[in-house]
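Participant: Here it is, the structure, as structure tokens.
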Amino acid sequence: MAFSLPPLPYDAGALAARGMQQETLELHHGKHHQAYVTALNGLIESKGLQGKTLEQIVTEAGKAGADGLPVLNQAGQHWNHLLFWQVMSPNGGGEKIPGALASKIDSDLGGLQKFKDDFKAAGVGQFGSGWAWLVQDSSGKLKITKTPNGSNPLATGEGTPILGVDVWEHSYYLDFRNRRPDYLTNFLEKLVNWEFVASLLDKGMTSGQSA
Ligand code: MN3
């Protein structure tokens with residue numbers, strides 16, 4: 001088997017009215033994400049990845065440290081983008097967060113406004129390329145974290161991501177130029193698919209893909 005790039009869960013122009021234009025999504029999905037998939041497929045044989053799930057590959061590459069980086073860069077980015085497309089919606093954003101998730105945000109993260117402030121701070125504070133995350137740790141508690149480049153909380157062992165935002169410049173430069181804080185505010189207020197995020201509580205995302 002090989003890894004593949006699924007279509008976006010909405011039309012490439014569907015988020016344009018909410019701050020992410022069609023060209024951003026076409027390039028980001030069709031060029032950047034595709035390039036990670038192609039590069040990962042090119043590593044399957046030489047790195048002995050056959051038969052492993054994407055989640056296994058990411059976790060094992062993370063544990064391997066520097067030796068795992070060539071695989072993690074591609075496998076992590078494939079997983080990260082699979083999640084990223086799904087956590088956005090043409091009807092996203094707003095304050096209507098499903099109850100189970102809202103109450104965990106209250107109890108674990110100090111409430112919705114503090115969560116938003118801290119999540120944005122994680123994205124702004126990720127020096128260079130990377131991701132900001134809402135993660136459920138092994139005790140079930142929510143926390144906010146960030147990772148550089150293609151890594152993610154599965155690779156670092158910090159927990160299971162239920163929300164992630166790409167802070168590589170390719171994800172926001174056409175829409176917001178250098179204004180990463182504005183991109184993050186827009187993401188939270190207009191794009192996040194809270195129903196989908198809530199559906200990942202206690203289970204996380206399974207890509208269903210394997211080498
Ligand atoms: Mn990206």
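Every chain in the structure tokens takes a letter, A first, then B, and so on in the order presented; its residues are numbered from 1, and the ligands are numbered from 1 following the presented order.
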Excluding Leu154 in chain A and its own-chain neighbours fewer than 5 positions away, which residues fall within 7 Å of it when counting only C-alpha atoms? Please give them as a PDB file with all heavy atoms, in the first residue's frame.
Facilitator:
ATOM      1  N   VAL A  58       4.600   7.755  12.851  1.00  0.00           N
ATOM      2  CA  VAL A  58       4.852   9.056  13.492  1.00  0.00           C
ATOM      3  C   VAL A  58       5.390   8.845  14.909  1.00  0.00           C
ATOM      4  O   VAL A  58       6.380   9.463  15.319  1.00  0.00           O
ATOM      5  CB  VAL A  58       3.555   9.901  13.526  1.00  0.00           C
ATOM      6  CG1 VAL A  58       3.715  11.109  14.433  1.00  0.00           C
ATOM      7  CG2 VAL A  58       3.169  10.334  12.116  1.00  0.00           C
ATOM      8  N   THR A  59       4.752   7.952  15.660  1.00  0.00           N
ATOM      9  CA  THR A  59       5.156   7.723  17.047  1.00  0.00           C
ATOM     10  C   THR A  59       6.572   7.155  17.123  1.00  0.00           C
ATOM     11  O   THR A  59       7.405   7.613  17.918  1.00  0.00           O
ATOM     12  CB  THR A  59       4.159   6.756  17.721  1.00  0.00           C
ATOM     13  OG1 THR A  59       2.843   7.301  17.587  1.00  0.00           O
ATOM     14  CG2 THR A  59       4.468   6.583  19.196  1.00  0.00           C
ATOM     15  N   GLY A 159       0.618  13.572  24.049  1.00  0.00           N
ATOM     16  CA  GLY A 159      -0.799  13.229  24.081  1.00  0.00           C
ATOM     17  C   GLY A 159      -1.404  13.143  22.694  1.00  0.00           C
ATOM     18  O   GLY A 159      -0.686  13.058  21.698  1.00  0.00           O
ATOM     19  N   THR A 160      -2.721  13.177  22.668  1.00  0.00           N
ATOM     20  CA  THR A 160      -3.474  13.010  21.432  1.00  0.00           C
ATOM     21  C   THR A 160      -4.054  14.344  20.989  1.00  0.00           C
ATOM     22  O   THR A 160      -4.885  14.921  21.701  1.00  0.00           O
ATOM     23  CB  THR A 160      -4.632  12.013  21.674  1.00  0.00           C
ATOM     24  OG1 THR A 160      -4.076  10.801  22.166  1.00  0.00           O
ATOM     25  CG2 THR A 160      -5.392  11.748  20.396  1.00  0.00           C
TER      26      THR A 160
END
Participant: Residues within 9 Å of ligand 1 should be enumerated using only C-alpha atoms and all ligand atoms and returned as a list in words.
Facilitator: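 Answer in the requested format: His28, His29, His32, His33, Gln77, Asn80, His81, Phe84, Gly130, Trp131, Gly150, Val165, Asp166, Val167, Trp168, Glu169, His170 and Ser171 of chain A.
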Participant: I want to know what sits within 9 Å of Ala2 in chain A, based on only C-alpha atoms, with residues of the same chain fewer than 3 positions away left out; could you give that as a ChimeraX atom specification?
Facilitator: /A:37,40-41,44,50,209-211
Participant: Could those selected residues go to a file with all heavy atoms, as a PDB file, in the first residue's frame?
Facilitator:
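What ended up in again_33.pdb:
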ATOM      1  N   VAL A  37       3.115  13.689   1.104  1.00  0.00           N
ATOM      2  CA  VAL A  37       2.648  12.331   0.819  1.00  0.00           C
ATOM      3  C   VAL A  37       3.607  11.647  -0.160  1.00  0.00           C
ATOM      4  O   VAL A  37       4.020  10.496   0.049  1.00  0.00           O
ATOM      5  CB  VAL A  37       1.207  12.364   0.243  1.00  0.00           C
ATOM      6  CG1 VAL A  37       0.779  10.978  -0.221  1.00  0.00           C
ATOM      7  CG2 VAL A  37       0.224  12.904   1.287  1.00  0.00           C
ATOM      8  N   LEU A  40       6.886  10.868   1.590  1.00  0.00           N
ATOM      9  CA  LEU A  40       6.727   9.760   2.537  1.00  0.00           C
ATOM     10  C   LEU A  40       6.672   8.430   1.795  1.00  0.00           C
ATOM     11  O   LEU A  40       7.323   7.449   2.202  1.00  0.00           O
ATOM     12  CB  LEU A  40       5.452   9.964   3.365  1.00  0.00           C
ATOM     13  CG  LEU A  40       5.080   8.856   4.360  1.00  0.00           C
ATOM     14  CD1 LEU A  40       6.202   8.611   5.374  1.00  0.00           C
ATOM     15  CD2 LEU A  40       3.771   9.210   5.073  1.00  0.00           C
ATOM     16  N   ASN A  41       5.950   8.381   0.697  1.00  0.00           N
ATOM     17  CA  ASN A  41       5.888   7.138  -0.077  1.00  0.00           C
ATOM     18  C   ASN A  41       7.268   6.735  -0.594  1.00  0.00           C
ATOM     19  O   ASN A  41       7.570   5.551  -0.699  1.00  0.00           O
ATOM     20  CB  ASN A  41       4.888   7.276  -1.229  1.00  0.00           C
ATOM     21  CG  ASN A  41       3.456   7.169  -0.741  1.00  0.00           C
ATOM     22  OD1 ASN A  41       3.183   6.488   0.248  1.00  0.00           O
ATOM     23  ND2 ASN A  41       2.537   7.841  -1.426  1.00  0.00           N
ATOM     24  N   ILE A  44       9.148   4.572   2.111  1.00  0.00           N
ATOM     25  CA  ILE A  44       8.573   3.348   2.672  1.00  0.00           C
ATOM     26  C   ILE A  44       9.559   2.186   2.609  1.00  0.00           C
ATOM     27  O   ILE A  44       9.807   1.506   3.609  1.00  0.00           O
ATOM     28  CB  ILE A  44       7.250   2.975   1.944  1.00  0.00           C
ATOM     29  CG1 ILE A  44       6.153   3.989   2.307  1.00  0.00           C
ATOM     30  CG2 ILE A  44       6.798   1.563   2.332  1.00  0.00           C
ATOM     31  CD1 ILE A  44       4.847   3.794   1.540  1.00  0.00           C
ATOM     32  N   GLN A  50       6.908  -0.651   5.652  1.00  0.00           N
ATOM     33  CA  GLN A  50       5.800  -1.439   5.096  1.00  0.00           C
ATOM     34  C   GLN A  50       4.912  -2.029   6.189  1.00  0.00           C
ATOM     35  O   GLN A  50       5.405  -2.601   7.161  1.00  0.00           O
ATOM     36  CB  GLN A  50       6.332  -2.594   4.229  1.00  0.00           C
ATOM     37  CG  GLN A  50       7.132  -2.179   3.013  1.00  0.00           C
ATOM     38  CD  GLN A  50       8.630  -2.184   3.280  1.00  0.00           C
ATOM     39  OE1 GLN A  50       9.060  -1.997   4.419  1.00  0.00           O
ATOM     40  NE2 GLN A  50       9.421  -2.404   2.250  1.00  0.00           N
ATOM     41  N   GLN A 209      -4.768   5.242   7.320  1.00  0.00           N
ATOM     42  CA  GLN A 209      -3.786   5.025   6.241  1.00  0.00           C
ATOM     43  C   GLN A 209      -2.588   4.245   6.774  1.00  0.00           C
ATOM     44  O   GLN A 209      -2.200   4.371   7.940  1.00  0.00           O
ATOM     45  CB  GLN A 209      -3.298   6.370   5.701  1.00  0.00           C
ATOM     46  CG  GLN A 209      -4.418   7.156   5.028  1.00  0.00           C
ATOM     47  CD  GLN A 209      -3.895   8.098   3.952  1.00  0.00           C
ATOM     48  OE1 GLN A 209      -2.725   8.081   3.570  1.00  0.00           O
ATOM     49  NE2 GLN A 209      -4.787   8.936   3.443  1.00  0.00           N
ATOM     50  N   SER A 210      -2.029   3.414   5.896  1.00  0.00           N
ATOM     51  CA  SER A 210      -0.832   2.676   6.290  1.00  0.00           C
ATOM     52  C   SER A 210       0.077   2.480   5.084  1.00  0.00           C
ATOM     53  O   SER A 210      -0.342   2.639   3.939  1.00  0.00           O
ATOM     54  CB  SER A 210      -1.211   1.326   6.896  1.00  0.00           C
ATOM     55  OG  SER A 210      -1.986   0.595   6.000  1.00  0.00           O
ATOM     56  N   ALA A 211       1.331   2.137   5.374  1.00  0.00           N
ATOM     57  CA  ALA A 211       2.334   1.991   4.315  1.00  0.00           C
ATOM     58  C   ALA A 211       2.223   0.620   3.654  1.00  0.00           C
ATOM     59  O   ALA A 211       1.851  -0.337   4.293  1.00  0.00           O
ATOM     60  CB  ALA A 211       3.731   2.162   4.901  1.00  0.00           C
TER      61      ALA A 211
END
Participant: Please identify which residues in range 52-199 of chain A DSSP calls strand (DSSP E or B) from the backbone, and express them as a VMD selection string.
Facilitator: chain A and resid 53 88 130 to 136 142 to 148 160 to 166 192
Participant: Just the residues within 12 Å of Pro70 in chain A, please, counting only C-alpha atoms, with nothing from its chain fewer than 2 positions along; format it as a PyMOL selection string.
Facilitator: chain A and resi 36+39-40+42-44+46-47+57-58+61-62+64-68+72-77+149-151
Participant: Run DSSP on the backbone of this structure and report the residues of chain A it assigns to helix (DSSP H, G or I), as a PyMOL selection string.
Facilitator: chain A and resi 16-18+22-41+54-63+65-86+99-109+112-125+153-156+169-171+173-176+180-191+194-199
Participant: Pull the closest atom pair for each residue of range 103-200 of chain A that gets at most 12 Å from range 12-15 of chain A, along with the distance in Å to one decimal, counting only C-alpha atoms, ordering rows by chain and then ascending residue number, as JSON lines.
Facilitator:
{"residue": "A:Asp175", "atom": "CA", "partner": "A:Leu15", "partner_atom": "CA", "distance": 11.5}
{"residue": "A:Asn186", "atom": "CA", "partner": "A:Leu15", "partner_atom": "CA", "distance": 11.3}
{"residue": "A:Phe187", "atom": "CA", "partner": "A:Leu15", "partner_atom": "CA", "distance": 10.6}
{"residue": "A:Lys190", "atom": "CA", "partner": "A:Leu15", "partner_atom": "CA", "distance": 9.1}
{"residue": "A:Leu191", "atom": "CA", "partner": "A:Leu15", "partner_atom": "CA", "distance": 7.7}
{"residue": "A:Val192", "atom": "CA", "partner": "A:Leu15", "partner_atom": "CA", "distance": 11.0}
{"residue": "A:Asn193", "atom": "CA", "partner": "A:Leu15", "partner_atom": "CA", "distance": 11.9}
Participant: Quick one: residues within 9 Å of Val135 in chain A, only C-alpha atoms, excluding same-chain residues fewer than 5 positions away - as a list in words?
Facilitator: Lys141, Leu142, Lys143, Ile144, Thr145, Pro153, Glu158, Gly159, Thr160, Pro161, Ile162, Leu163 and Gly164 of chain A
Participant: Select, from A:Gln126, A:Leu54, A:Pro90, A:Gly30, the residue with the minimum atom-to-atom distance to Pro9 in chain A, counting only C-alpha atoms.
Facilitator: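 Using only C-alpha atoms, Pro9 in chain A sits closest to A:Pro90.
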Participant: When you draw a straight line from CA of Ala132 in chain A to CA of Gln86 in chain A, how long is it in Å?
Facilitator: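 Calculated distance between CA of Ala132 in chain A and CA of Gln86 in chain A is 15.4 Å.
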Participant: I'd like the interatomic distance between CA of Gly140 in chain A and CA of Gln113 in chain A, to a tenth of an Å.
Facilitator: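 We find that CA of Gly140 in chain A and CA of Gln113 in chain A lie 21.0 Å from each other.
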Participant: Return the single residue from A:Phe115, A:Asn178, A:Ser107, A:Trp85 that is closest to Gly128 in chain A, with distances computed using only C-alpha atoms.
Facilitator: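 Checking each candidate against Gly128 in chain A, we get A:Asn178 as the closest.
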